[in-house]
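Asks: Below: one structure in structure tokens.
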Amino acid sequence: FLGVVLILFAGKDRIRYTGEIVAGLGILFIGMDMMGEAMQPLCDSQVFLQAMTKFEHPLLGILAGAAFTAAIQSSSASVGILQTLAQGGAVSFVVAVYVLFGQNIGTCITAALAAIRTGRNAKRPTISPVSFNLIGTVVSTLLVSLVAQLTPGRPAAQIANMHTIFNIGTTLLLLPAGNLLAGMAEHLLPDKKSESLAAEQRKAACKKVEDVWNS
């Protein structure tokens, strides 16, 4: 409500932009709350609870989280639903944490879908987030017990802490390796001959313009 008031009645652009941010966050949390309430009955479903026990295997949990997030294309929503299920006792943190890792991987599907009908140079950036989240998953598995001890008995907070540590920690860890990830993407998706020729022609044209400018 505060965000909408700022958007409608503020005279300065900066205040209206702030209102858009506030309103957007409010709508996001309202949506997460509505989805959480809709998922609440599953906490009392024995069929669902028995199905969730199968996700105790880390690989199955990761695959389930990735598939679910890829289907709804929103990691924020899927994490909110996971927190609701954990809060209701439907899943333990040990199960939820691997589903959470899969959710981070599944959110890469949006970029992959956007790059389907593009050239290889546009497809390469889709490899980097997948690599980022896979590496983050491997590293974060070593921190599960530590994160669980930060807020014992509060599964929703444990999931939030793990999600935050996963993204910030992986970013700091891989920040110096940005060129390495880019090189790996180029190695996995090398230029086709036609694309290489076009790139060489662009470089040659730029070189001519630079020579003319310098002369």
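Chain identifiers are assigned as A, B, and so on, following the order in which chains appear in the structure tokens; residues are numbered from 1 within each chain, and ligands are numbered from 1 in order of appearance.
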Excluding A:Leu25 and any residue of its chain fewer than 3 positions from it, enumerate the residues within 12 Å of it, using only C-alpha atoms, and give them as a list in words.
Replies: Phe1, Leu2, Gly3, Val4, Thr18, Gly19, Glu20, Ile21, Val22, Leu28, Phe29, Ile30, Gly31, Met32 and Ser76 of chain A
Asks: Run DSSP on the backbone and tell me which residues of stretch 21-150 of chain A come out as alpha helix (DSSP H); list them as an NGL selection string.
Replies: :A and (21-39 or 46-53 or 58-72 or 75-87 or 93-106 or 109-114 or 120-140 or 144-150)
Asks: Ranking A:Lys207, A:His163, A:His187, A:Arg154 by minimum distance to A:Gly88 and counting only C-alpha atoms, which one comes first?
Replies: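 Among the listed residues, A:Arg154 lies closest to A:Gly88.
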Asks: Can you list, as an MDAnalysis selection string, every protein, DNA or RNA residue that comes within 10 Å of A:Thr110 when you count only C-alpha atoms, leaving out same-chain residues fewer than 2 positions away?
Replies: chainID A and resid 69:74 106:108 112:115 126
Asks: Fewer than 6 positions away in the same chain doesn't count, so skip those; otherwise give me all residues within 8 Å of stretch 168-180 of chain A, counting only C-alpha atoms, as a PyMOL selection string.
Replies: chain A and resi 132-133+135-136
Asks: Those same residues, written as a JSON list (two decimals), in the first residue's frame with N, CA, C and O atoms?
Replies:
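The result, written out as again_32.json:
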[["chain", "number", "residue", "atom", "x", "y", "z"],
["A", 132, "PHE", "N", 27.77, -22.23, -12.11],
["A", 132, "PHE", "CA", 27.78, -21.53, -10.83],
["A", 132, "PHE", "C", 27.01, -22.31, -9.78],
["A", 132, "PHE", "O", 27.50, -22.56, -8.67],
["A", 133, "ASN", "N", 25.80, -22.74, -10.12],
["A", 133, "ASN", "CA", 24.96, -23.43, -9.15],
["A", 133, "ASN", "C", 25.42, -24.86, -8.87],
["A", 133, "ASN", "O", 25.25, -25.35, -7.75],
["A", 135, "ILE", "N", 28.60, -25.87, -8.89],
["A", 135, "ILE", "CA", 29.74, -25.71, -7.99],
["A", 135, "ILE", "C", 29.26, -25.30, -6.60],
["A", 135, "ILE", "O", 29.74, -25.81, -5.58],
["A", 136, "GLY", "N", 28.29, -24.39, -6.55],
["A", 136, "GLY", "CA", 27.74, -23.97, -5.27],
["A", 136, "GLY", "C", 27.09, -25.12, -4.52],
["A", 136, "GLY", "O", 27.20, -25.20, -3.28]]
